[in-house]
Each structure stands twice: as C-alpha cells, then as structure tokens.
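See below for run09.cif, which holds mmCIF, N, CA and C atoms.
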```
data_work
#
loop_
_atom_site.label_atom_id
_atom_site.label_comp_id
_atom_site.auth_asym_id
_atom_site.auth_seq_id
_atom_site.Cartn_x
_atom_site.Cartn_y
_atom_site.Cartn_z
N MET A 1 -19.87 3.16 5.00
CA MET A 1 -20.07 4.59 5.10
C MET A 1 -19.40 5.25 3.89
N SER A 2 -20.09 6.12 3.24
CA SER A 2 -19.60 6.79 2.06
C SER A 2 -19.17 8.22 2.41
N ARG A 3 -17.93 8.55 2.07
CA ARG A 3 -17.44 9.90 2.33
C ARG A 3 -16.82 10.45 1.04
N PRO A 4 -17.06 11.71 0.73
CA PRO A 4 -16.43 12.29 -0.47
C PRO A 4 -14.93 12.47 -0.26
N PHE A 5 -14.18 12.45 -1.36
CA PHE A 5 -12.75 12.65 -1.29
C PHE A 5 -12.39 14.12 -1.09
N ASN A 6 -13.31 15.01 -1.39
CA ASN A 6 -13.10 16.46 -1.27
C ASN A 6 -11.95 16.98 -2.13
N ASP A 7 -11.60 16.24 -3.18
CA ASP A 7 -10.58 16.73 -4.10
C ASP A 7 -11.04 16.60 -5.56
N GLY A 8 -12.33 16.35 -5.72
CA GLY A 8 -12.87 16.21 -7.07
C GLY A 8 -12.76 14.79 -7.62
N THR A 9 -12.14 13.89 -6.86
CA THR A 9 -11.98 12.52 -7.31
C THR A 9 -13.30 11.78 -7.24
N LYS A 10 -13.54 10.93 -8.22
CA LYS A 10 -14.75 10.12 -8.24
C LYS A 10 -14.36 8.68 -8.54
N ILE A 11 -15.08 7.74 -7.98
CA ILE A 11 -14.88 6.33 -8.29
C ILE A 11 -15.95 5.94 -9.29
N ILE A 12 -15.50 5.30 -10.35
CA ILE A 12 -16.42 4.84 -11.38
C ILE A 12 -16.29 3.32 -11.46
N TYR A 13 -17.39 2.62 -11.29
CA TYR A 13 -17.40 1.18 -11.39
C TYR A 13 -17.71 0.80 -12.84
N VAL A 14 -16.93 -0.14 -13.38
CA VAL A 14 -17.09 -0.55 -14.78
C VAL A 14 -17.28 -2.06 -14.83
N ASN A 15 -18.29 -2.49 -15.58
CA ASN A 15 -18.48 -3.92 -15.83
C ASN A 15 -17.44 -4.33 -16.87
N THR A 16 -16.42 -5.04 -16.43
CA THR A 16 -15.32 -5.37 -17.33
C THR A 16 -15.55 -6.64 -18.13
N SER A 17 -16.78 -7.13 -18.15
CA SER A 17 -17.05 -8.32 -18.96
C SER A 17 -17.15 -7.95 -20.45
N HIS A 18 -17.28 -6.68 -20.76
CA HIS A 18 -17.34 -6.21 -22.16
C HIS A 18 -15.98 -6.47 -22.81
N LYS A 19 -15.96 -7.26 -23.88
CA LYS A 19 -14.69 -7.67 -24.47
C LYS A 19 -14.51 -7.23 -25.92
N ASP A 20 -15.38 -6.39 -26.43
CA ASP A 20 -15.29 -5.96 -27.83
C ASP A 20 -14.23 -4.87 -27.96
N THR A 21 -13.03 -5.24 -28.38
CA THR A 21 -11.95 -4.26 -28.51
C THR A 21 -12.08 -3.42 -29.77
N GLY A 22 -13.21 -3.54 -30.45
CA GLY A 22 -13.48 -2.69 -31.60
C GLY A 22 -14.04 -1.34 -31.20
N THR A 23 -14.34 -1.19 -29.91
CA THR A 23 -14.87 0.08 -29.42
C THR A 23 -13.88 0.70 -28.44
N ALA A 24 -14.01 2.00 -28.23
CA ALA A 24 -13.13 2.69 -27.29
C ALA A 24 -13.30 2.13 -25.88
N LEU A 25 -14.55 1.86 -25.50
CA LEU A 25 -14.81 1.30 -24.17
C LEU A 25 -14.19 -0.09 -24.06
N GLY A 26 -14.33 -0.90 -25.08
CA GLY A 26 -13.75 -2.24 -25.08
C GLY A 26 -12.24 -2.21 -24.94
N LYS A 27 -11.61 -1.26 -25.62
CA LYS A 27 -10.15 -1.12 -25.51
C LYS A 27 -9.74 -0.69 -24.11
N LEU A 28 -10.51 0.23 -23.53
CA LEU A 28 -10.20 0.68 -22.18
C LEU A 28 -10.36 -0.46 -21.18
N ILE A 29 -11.43 -1.24 -21.31
CA ILE A 29 -11.64 -2.38 -20.43
C ILE A 29 -10.52 -3.39 -20.60
N HIS A 30 -10.10 -3.62 -21.84
CA HIS A 30 -8.96 -4.52 -22.08
C HIS A 30 -7.75 -4.04 -21.31
N ASP A 31 -7.47 -2.74 -21.40
CA ASP A 31 -6.30 -2.18 -20.73
C ASP A 31 -6.41 -2.30 -19.21
N LEU A 32 -7.61 -2.12 -18.67
CA LEU A 32 -7.81 -2.24 -17.23
C LEU A 32 -7.59 -3.67 -16.75
N ARG A 33 -7.96 -4.62 -17.58
CA ARG A 33 -7.83 -6.04 -17.19
C ARG A 33 -6.45 -6.61 -17.46
N CYS A 34 -5.75 -6.06 -18.42
CA CYS A 34 -4.48 -6.62 -18.87
C CYS A 34 -3.35 -6.25 -17.91
N ARG A 35 -2.58 -7.23 -17.48
CA ARG A 35 -1.49 -7.00 -16.53
C ARG A 35 -0.23 -6.45 -17.19
N ASN A 36 -0.08 -6.64 -18.48
CA ASN A 36 1.12 -6.20 -19.18
C ASN A 36 0.85 -4.89 -19.92
N PRO A 37 1.35 -3.77 -19.39
CA PRO A 37 1.08 -2.47 -20.02
C PRO A 37 1.54 -2.39 -21.47
N LYS A 38 2.50 -3.19 -21.86
CA LYS A 38 2.99 -3.15 -23.23
C LYS A 38 1.95 -3.68 -24.23
N GLU A 39 0.92 -4.36 -23.72
CA GLU A 39 -0.15 -4.88 -24.57
C GLU A 39 -1.37 -3.97 -24.59
N TRP A 40 -1.27 -2.82 -23.95
CA TRP A 40 -2.42 -1.92 -23.85
C TRP A 40 -2.61 -1.14 -25.14
N TYR A 41 -3.84 -0.73 -25.39
CA TYR A 41 -4.17 0.10 -26.54
C TYR A 41 -3.83 1.57 -26.29
N TYR A 42 -4.08 2.03 -25.09
CA TYR A 42 -3.90 3.45 -24.79
C TYR A 42 -2.50 3.70 -24.25
N THR A 43 -1.63 4.22 -25.12
CA THR A 43 -0.22 4.38 -24.75
C THR A 43 -0.02 5.45 -23.68
N ASP A 44 -0.87 6.46 -23.63
CA ASP A 44 -0.70 7.48 -22.59
C ASP A 44 -0.92 6.88 -21.21
N ILE A 45 -1.89 5.99 -21.08
CA ILE A 45 -2.12 5.31 -19.81
C ILE A 45 -0.96 4.35 -19.54
N MET A 46 -0.50 3.66 -20.58
CA MET A 46 0.61 2.72 -20.45
C MET A 46 1.86 3.42 -19.93
N GLU A 47 2.18 4.57 -20.50
CA GLU A 47 3.38 5.29 -20.08
C GLU A 47 3.27 5.72 -18.62
N ARG A 48 2.11 6.15 -18.21
CA ARG A 48 1.90 6.56 -16.82
C ARG A 48 2.01 5.36 -15.88
N ALA A 49 1.43 4.24 -16.29
CA ALA A 49 1.50 3.03 -15.46
C ALA A 49 2.94 2.54 -15.32
N GLU A 50 3.71 2.61 -16.40
CA GLU A 50 5.10 2.18 -16.33
C GLU A 50 5.90 3.06 -15.37
N LYS A 51 5.61 4.34 -15.37
CA LYS A 51 6.29 5.25 -14.43
C LYS A 51 5.93 4.90 -13.00
N LEU A 52 4.64 4.61 -12.77
CA LEU A 52 4.19 4.29 -11.42
C LEU A 52 4.75 2.96 -10.93
N LYS A 53 4.97 2.02 -11.85
CA LYS A 53 5.46 0.71 -11.46
C LYS A 53 6.98 0.66 -11.42
N GLY A 54 7.65 1.70 -11.85
CA GLY A 54 9.11 1.71 -11.86
C GLY A 54 9.69 1.75 -10.46
N ASP A 55 11.01 1.71 -10.39
CA ASP A 55 11.70 1.69 -9.10
C ASP A 55 11.32 2.86 -8.21
N ASP A 56 11.04 4.00 -8.80
CA ASP A 56 10.70 5.17 -8.00
C ASP A 56 9.21 5.42 -7.96
N GLY A 57 8.44 4.41 -8.33
CA GLY A 57 7.00 4.61 -8.46
C GLY A 57 6.18 4.08 -7.30
N ILE A 58 4.95 3.86 -7.62
CA ILE A 58 3.97 3.53 -6.59
C ILE A 58 4.20 2.17 -5.95
N MET A 59 4.74 1.21 -6.68
CA MET A 59 4.98 -0.10 -6.08
C MET A 59 5.98 0.00 -4.94
N LYS A 60 7.01 0.80 -5.14
CA LYS A 60 7.99 1.01 -4.08
C LYS A 60 7.34 1.75 -2.91
N ALA A 61 6.51 2.73 -3.22
CA ALA A 61 5.83 3.49 -2.17
C ALA A 61 4.89 2.59 -1.36
N ILE A 62 4.20 1.68 -2.03
CA ILE A 62 3.31 0.76 -1.34
C ILE A 62 4.10 -0.17 -0.43
N ALA A 63 5.22 -0.69 -0.93
CA ALA A 63 6.06 -1.57 -0.11
C ALA A 63 6.57 -0.84 1.12
N GLU A 64 6.99 0.41 0.93
CA GLU A 64 7.48 1.20 2.06
C GLU A 64 6.35 1.48 3.07
N MET A 65 5.16 1.74 2.56
CA MET A 65 4.02 2.00 3.43
C MET A 65 3.69 0.76 4.26
N LYS A 66 3.70 -0.42 3.61
CA LYS A 66 3.41 -1.65 4.34
C LYS A 66 4.47 -1.92 5.40
N ALA A 67 5.73 -1.68 5.07
CA ALA A 67 6.80 -1.88 6.04
C ALA A 67 6.63 -0.93 7.22
N LYS A 68 6.24 0.30 6.94
CA LYS A 68 6.02 1.29 8.00
C LYS A 68 4.84 0.87 8.88
N GLU A 69 3.78 0.36 8.26
CA GLU A 69 2.62 -0.10 9.02
C GLU A 69 3.00 -1.26 9.94
N ARG A 70 3.82 -2.20 9.42
CA ARG A 70 4.27 -3.32 10.25
C ARG A 70 5.12 -2.82 11.41
N ALA A 71 6.02 -1.89 11.13
CA ALA A 71 6.88 -1.35 12.18
C ALA A 71 6.05 -0.63 13.23
N ASP A 72 5.06 0.14 12.79
CA ASP A 72 4.18 0.84 13.74
C ASP A 72 3.41 -0.15 14.60
N ALA A 73 2.93 -1.24 13.98
CA ALA A 73 2.20 -2.25 14.73
C ALA A 73 3.10 -2.90 15.77
N CYS A 74 4.34 -3.22 15.39
CA CYS A 74 5.29 -3.81 16.35
C CYS A 74 5.56 -2.85 17.50
N GLU A 75 5.74 -1.59 17.20
CA GLU A 75 5.97 -0.61 18.25
C GLU A 75 4.76 -0.48 19.17
N ASN A 76 3.56 -0.52 18.62
CA ASN A 76 2.36 -0.43 19.45
C ASN A 76 2.23 -1.64 20.37
N ILE A 77 2.56 -2.81 19.85
CA ILE A 77 2.53 -4.01 20.69
C ILE A 77 3.57 -3.89 21.79
N ALA A 78 4.77 -3.45 21.43
CA ALA A 78 5.83 -3.27 22.43
C ALA A 78 5.41 -2.27 23.49
N LEU A 79 4.78 -1.19 23.08
CA LEU A 79 4.30 -0.20 24.05
C LEU A 79 3.29 -0.82 25.02
N GLY A 80 2.43 -1.67 24.48
CA GLY A 80 1.46 -2.35 25.34
C GLY A 80 2.15 -3.22 26.38
N PHE A 81 3.17 -3.98 25.94
CA PHE A 81 3.92 -4.81 26.89
C PHE A 81 4.65 -3.95 27.92
N ILE A 82 5.22 -2.85 27.47
CA ILE A 82 5.94 -1.96 28.40
C ILE A 82 4.98 -1.43 29.46
N LYS A 83 3.82 -1.00 29.03
CA LYS A 83 2.83 -0.45 29.97
C LYS A 83 2.35 -1.50 30.96
N LEU A 84 2.27 -2.75 30.54
CA LEU A 84 1.88 -3.83 31.46
C LEU A 84 2.95 -4.05 32.53
N GLY A 85 4.21 -3.83 32.14
CA GLY A 85 5.31 -3.94 33.09
C GLY A 85 5.60 -5.35 33.57
N LYS A 86 5.18 -6.34 32.82
CA LYS A 86 5.37 -7.73 33.25
C LYS A 86 6.53 -8.42 32.56
N ASN A 87 7.13 -7.78 31.56
CA ASN A 87 8.20 -8.40 30.79
C ASN A 87 9.44 -7.52 30.81
N THR A 88 10.59 -8.16 30.62
CA THR A 88 11.82 -7.38 30.51
C THR A 88 11.86 -6.71 29.14
N LEU A 89 12.62 -5.65 29.04
CA LEU A 89 12.77 -4.97 27.75
C LEU A 89 13.40 -5.90 26.72
N GLU A 90 14.30 -6.77 27.18
CA GLU A 90 14.94 -7.74 26.28
C GLU A 90 13.91 -8.70 25.69
N ASP A 91 13.00 -9.20 26.56
CA ASP A 91 11.96 -10.10 26.08
C ASP A 91 11.03 -9.40 25.10
N ILE A 92 10.68 -8.17 25.40
CA ILE A 92 9.80 -7.40 24.51
C ILE A 92 10.46 -7.21 23.16
N ALA A 93 11.75 -6.91 23.16
CA ALA A 93 12.48 -6.73 21.91
C ALA A 93 12.44 -8.01 21.07
N LYS A 94 12.64 -9.15 21.72
CA LYS A 94 12.62 -10.44 21.00
C LYS A 94 11.24 -10.73 20.42
N VAL A 95 10.21 -10.58 21.25
CA VAL A 95 8.85 -10.91 20.82
C VAL A 95 8.39 -9.97 19.70
N CYS A 96 8.75 -8.72 19.79
CA CYS A 96 8.27 -7.72 18.83
C CYS A 96 9.21 -7.52 17.65
N ASN A 97 10.30 -8.29 17.63
CA ASN A 97 11.28 -8.19 16.54
C ASN A 97 11.82 -6.76 16.40
N LEU A 98 12.14 -6.18 17.55
CA LEU A 98 12.73 -4.84 17.61
C LEU A 98 14.10 -4.96 18.26
N THR A 99 14.91 -3.94 18.06
CA THR A 99 16.19 -3.92 18.76
C THR A 99 15.94 -3.48 20.21
N LEU A 100 16.87 -3.83 21.06
CA LEU A 100 16.75 -3.42 22.46
C LEU A 100 16.75 -1.90 22.55
N GLU A 101 17.54 -1.26 21.72
CA GLU A 101 17.59 0.21 21.70
C GLU A 101 16.22 0.81 21.35
N GLN A 102 15.54 0.21 20.37
CA GLN A 102 14.20 0.70 20.00
C GLN A 102 13.24 0.56 21.18
N VAL A 103 13.30 -0.56 21.86
CA VAL A 103 12.40 -0.80 23.00
C VAL A 103 12.73 0.16 24.14
N LYS A 104 14.01 0.41 24.36
CA LYS A 104 14.40 1.37 25.41
C LYS A 104 13.87 2.76 25.08
N ASN A 105 13.95 3.13 23.82
CA ASN A 105 13.42 4.45 23.40
C ASN A 105 11.91 4.53 23.61
N LEU A 106 11.21 3.44 23.30
CA LEU A 106 9.76 3.41 23.53
C LEU A 106 9.45 3.50 25.03
N ALA A 107 10.23 2.77 25.82
CA ALA A 107 10.02 2.80 27.28
C ALA A 107 10.24 4.20 27.83
N ALA A 108 11.19 4.90 27.26
CA ALA A 108 11.48 6.26 27.72
C ALA A 108 10.27 7.19 27.46
N THR A 109 9.54 6.93 26.39
CA THR A 109 8.37 7.76 26.10
C THR A 109 7.24 7.46 27.06
N VAL A 110 7.15 6.22 27.52
CA VAL A 110 6.10 5.85 28.48
C VAL A 110 6.40 6.44 29.85
N ASN A 111 7.66 6.43 30.20
CA ASN A 111 8.06 6.90 31.53
C ASN A 111 8.25 8.42 31.58
N ALA A 112 8.14 9.09 30.46
CA ALA A 112 8.38 10.53 30.42
C ALA A 112 7.18 11.31 30.95
#
```

Written as structure tokens, how would this file's structure read?
Amino acid sequence: MSRPFNDGTKIIYVNTSHKDTGTALGKLIHDLRCRNPKEWYYTDIMERAEKLKGDDGIMKAIAEMKAKERADACENIALGFIKLGKNTLEDIAKVCNLTLEQVKNLAATVNA
C-alpha cells in the first residue's frame, strides 16, 4: 500500500550499477554505495552523515528505538500472561526478562 508522507518527502529509486565517477551522478552513486564517508566526493553530504553517525546521532537513536521496541514487546507479553492469570508474577518476570517491580506495575494497570 502506498501512502504519501504529507511532508513533501519523496522516495527516489536509483540504479546504483552506474560506476562512472566522471559524472555528477556517478559520484553521487559512489557516495551512496560507499560505507566510509571520508571517501565520498560530496563533502556536504559527508559532513551530515558524520553528524548523524556520531554519538548523538541517528545510530544512537536507532539503537534506543530498538531497545524501546523490545521493552514494549516484553511488557505486552507480560500483560498477556497477567491477563491469563495462570502464572505467578515472579514467573512472568523471569520469562519476560523484567523486574518483579515492573510486572507488579503492569498488573496494577490490568486490575485498575
């Protein structure tokens, strides 16, 4: 299903098999394929990529997002076990890799 971003963003697909770095397009494709920003032709893109990959950049944000997604998934599983009512809170904490306090807090939301 295709949905617009509603912010003016567009996705452009590029055939990156073009390898002629004598052209602007070839240099851009080189930069898109190259993992080391220091080897890129376009320094403005390189500087932006280095900022995004830095300690305060997008790589850290992605790692935090993945950790949050895992934590949310564990909490959802724990909530499912709590609602079933067949396991102790201690067992749920062990299975879901949560602290007993976290599981008690989740149980309180179910019973509220």

- For Ala93 of chain A, which residue out of A:Ile29, A:Cys34, A:Ala78, A:Val14 is the nearest one, using all atoms listed in the file?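 Ranked by minimum distance to Ala93 of chain A, first place goes to A:Ala78.
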
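Using only N, CA and C atoms, the nearest neighbour of Ile92 of chain A within the list A:His18, A:Asn36, A:Ile12, A:Ile77 is A:Ile77.
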
- Enumerate as a PyMOL selection string all residues of segment 22-109 of chain A assigned to alpha helix (DSSP H) by DSSP on the backbone, naming them with the chain letters and numbers the document uses. chain A and resi 24-33+43-53+58-84+89-96+100-109

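From atom CA of Arg48 of chain A back to atom N of Met65 of chain A, the distance works out to 20.2 Å.
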
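In this model, the gap between atom CA of Lys83 of chain A and atom CA of Ala107 of chain A comes to 8.3 Å.
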
- Note on the structure: What separates atom N of Trp40 of chain A and atom CA of Leu28 of chain A is a distance of 9.8 Å

N, CA and C atoms of segment 2-26 of chain A from block above, as a PDB file, in the first residue's frame:
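Final file, selection.pdb:
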```pdb
ATOM      1  N   SER A   2       0.615   2.167  -0.844  1.00  0.00           N
ATOM      2  CA  SER A   2       1.403   3.374  -0.978  1.00  0.00           C
ATOM      3  C   SER A   2       0.683   4.541  -0.311  1.00  0.00           C
ATOM      4  N   ARG A   3       1.383   5.216   0.600  1.00  0.00           N
ATOM      5  CA  ARG A   3       0.798   6.374   1.264  1.00  0.00           C
ATOM      6  C   ARG A   3       1.783   7.537   1.173  1.00  0.00           C
ATOM      7  N   PRO A   4       1.299   8.738   0.922  1.00  0.00           N
ATOM      8  CA  PRO A   4       2.212   9.893   0.883  1.00  0.00           C
ATOM      9  C   PRO A   4       2.708  10.226   2.283  1.00  0.00           C
ATOM     10  N   PHE A   5       3.888  10.840   2.350  1.00  0.00           N
ATOM     11  CA  PHE A   5       4.455  11.250   3.624  1.00  0.00           C
ATOM     12  C   PHE A   5       3.783  12.513   4.167  1.00  0.00           C
ATOM     13  N   ASN A   6       3.134  13.261   3.301  1.00  0.00           N
ATOM     14  CA  ASN A   6       2.461  14.511   3.669  1.00  0.00           C
ATOM     15  C   ASN A   6       3.402  15.560   4.246  1.00  0.00           C
ATOM     16  N   ASP A   7       4.698  15.449   3.934  1.00  0.00           N
ATOM     17  CA  ASP A   7       5.639  16.474   4.371  1.00  0.00           C
ATOM     18  C   ASP A   7       6.537  16.923   3.217  1.00  0.00           C
ATOM     19  N   GLY A   8       6.139  16.544   2.008  1.00  0.00           N
ATOM     20  CA  GLY A   8       6.925  16.926   0.841  1.00  0.00           C
ATOM     21  C   GLY A   8       8.045  15.944   0.521  1.00  0.00           C
ATOM     22  N   THR A   9       8.234  14.930   1.362  1.00  0.00           N
ATOM     23  CA  THR A   9       9.285  13.952   1.149  1.00  0.00           C
ATOM     24  C   THR A   9       8.930  13.034  -0.006  1.00  0.00           C
ATOM     25  N   LYS A  10       9.934  12.689  -0.792  1.00  0.00           N
ATOM     26  CA  LYS A  10       9.732  11.769  -1.897  1.00  0.00           C
ATOM     27  C   LYS A  10      10.827  10.709  -1.851  1.00  0.00           C
ATOM     28  N   ILE A  11      10.512   9.509  -2.253  1.00  0.00           N
ATOM     29  CA  ILE A  11      11.497   8.443  -2.370  1.00  0.00           C
ATOM     30  C   ILE A  11      11.893   8.352  -3.830  1.00  0.00           C
ATOM     31  N   ILE A  12      13.190   8.345  -4.060  1.00  0.00           N
ATOM     32  CA  ILE A  12      13.708   8.233  -5.413  1.00  0.00           C
ATOM     33  C   ILE A  12      14.550   6.961  -5.474  1.00  0.00           C
ATOM     34  N   TYR A  13      14.209   6.076  -6.387  1.00  0.00           N
ATOM     35  CA  TYR A  13      14.966   4.853  -6.571  1.00  0.00           C
ATOM     36  C   TYR A  13      16.046   5.107  -7.621  1.00  0.00           C
ATOM     37  N   VAL A  14      17.272   4.671  -7.319  1.00  0.00           N
ATOM     38  CA  VAL A  14      18.401   4.906  -8.214  1.00  0.00           C
ATOM     39  C   VAL A  14      19.062   3.573  -8.534  1.00  0.00           C
ATOM     40  N   ASN A  15      19.322   3.342  -9.819  1.00  0.00           N
ATOM     41  CA  ASN A  15      20.081   2.168 -10.233  1.00  0.00           C
ATOM     42  C   ASN A  15      21.548   2.464  -9.922  1.00  0.00           C
ATOM     43  N   THR A  16      22.068   1.828  -8.890  1.00  0.00           N
ATOM     44  CA  THR A  16      23.424   2.142  -8.445  1.00  0.00           C
ATOM     45  C   THR A  16      24.496   1.342  -9.165  1.00  0.00           C
ATOM     46  N   SER A  17      24.138   0.704 -10.268  1.00  0.00           N
ATOM     47  CA  SER A  17      25.157  -0.028 -11.029  1.00  0.00           C
ATOM     48  C   SER A  17      26.018   0.935 -11.851  1.00  0.00           C
ATOM     49  N   HIS A  18      25.583   2.171 -12.009  1.00  0.00           N
ATOM     50  CA  HIS A  18      26.352   3.197 -12.742  1.00  0.00           C
ATOM     51  C   HIS A  18      27.618   3.502 -11.949  1.00  0.00           C
ATOM     52  N   LYS A  19      28.781   3.286 -12.553  1.00  0.00           N
ATOM     53  CA  LYS A  19      30.033   3.429 -11.811  1.00  0.00           C
ATOM     54  C   LYS A  19      30.971   4.495 -12.377  1.00  0.00           C
ATOM     55  N   ASP A  20      30.518   5.301 -13.307  1.00  0.00           N
ATOM     56  CA  ASP A  20      31.377   6.316 -13.912  1.00  0.00           C
ATOM     57  C   ASP A  20      31.480   7.520 -12.980  1.00  0.00           C
ATOM     58  N   THR A  21      32.557   7.606 -12.217  1.00  0.00           N
ATOM     59  CA  THR A  21      32.719   8.717 -11.274  1.00  0.00           C
ATOM     60  C   THR A  21      33.181   9.994 -11.966  1.00  0.00           C
ATOM     61  N   GLY A  22      33.176   9.979 -13.290  1.00  0.00           N
ATOM     62  CA  GLY A  22      33.481  11.188 -14.042  1.00  0.00           C
ATOM     63  C   GLY A  22      32.267  12.095 -14.190  1.00  0.00           C
ATOM     64  N   THR A  23      31.108  11.594 -13.773  1.00  0.00           N
ATOM     65  CA  THR A  23      29.884  12.395 -13.854  1.00  0.00           C
ATOM     66  C   THR A  23      29.366  12.677 -12.446  1.00  0.00           C
ATOM     67  N   ALA A  24      28.537  13.702 -12.338  1.00  0.00           N
ATOM     68  CA  ALA A  24      27.956  14.043 -11.037  1.00  0.00           C
ATOM     69  C   ALA A  24      27.108  12.895 -10.507  1.00  0.00           C
ATOM     70  N   LEU A  25      26.338  12.264 -11.393  1.00  0.00           N
ATOM     71  CA  LEU A  25      25.511  11.136 -10.975  1.00  0.00           C
ATOM     72  C   LEU A  25      26.392   9.977 -10.513  1.00  0.00           C
ATOM     73  N   GLY A  26      27.451   9.700 -11.233  1.00  0.00           N
ATOM     74  CA  GLY A  26      28.368   8.625 -10.857  1.00  0.00           C
ATOM     75  C   GLY A  26      28.998   8.870  -9.494  1.00  0.00           C
TER      76      GLY A  26
END
```
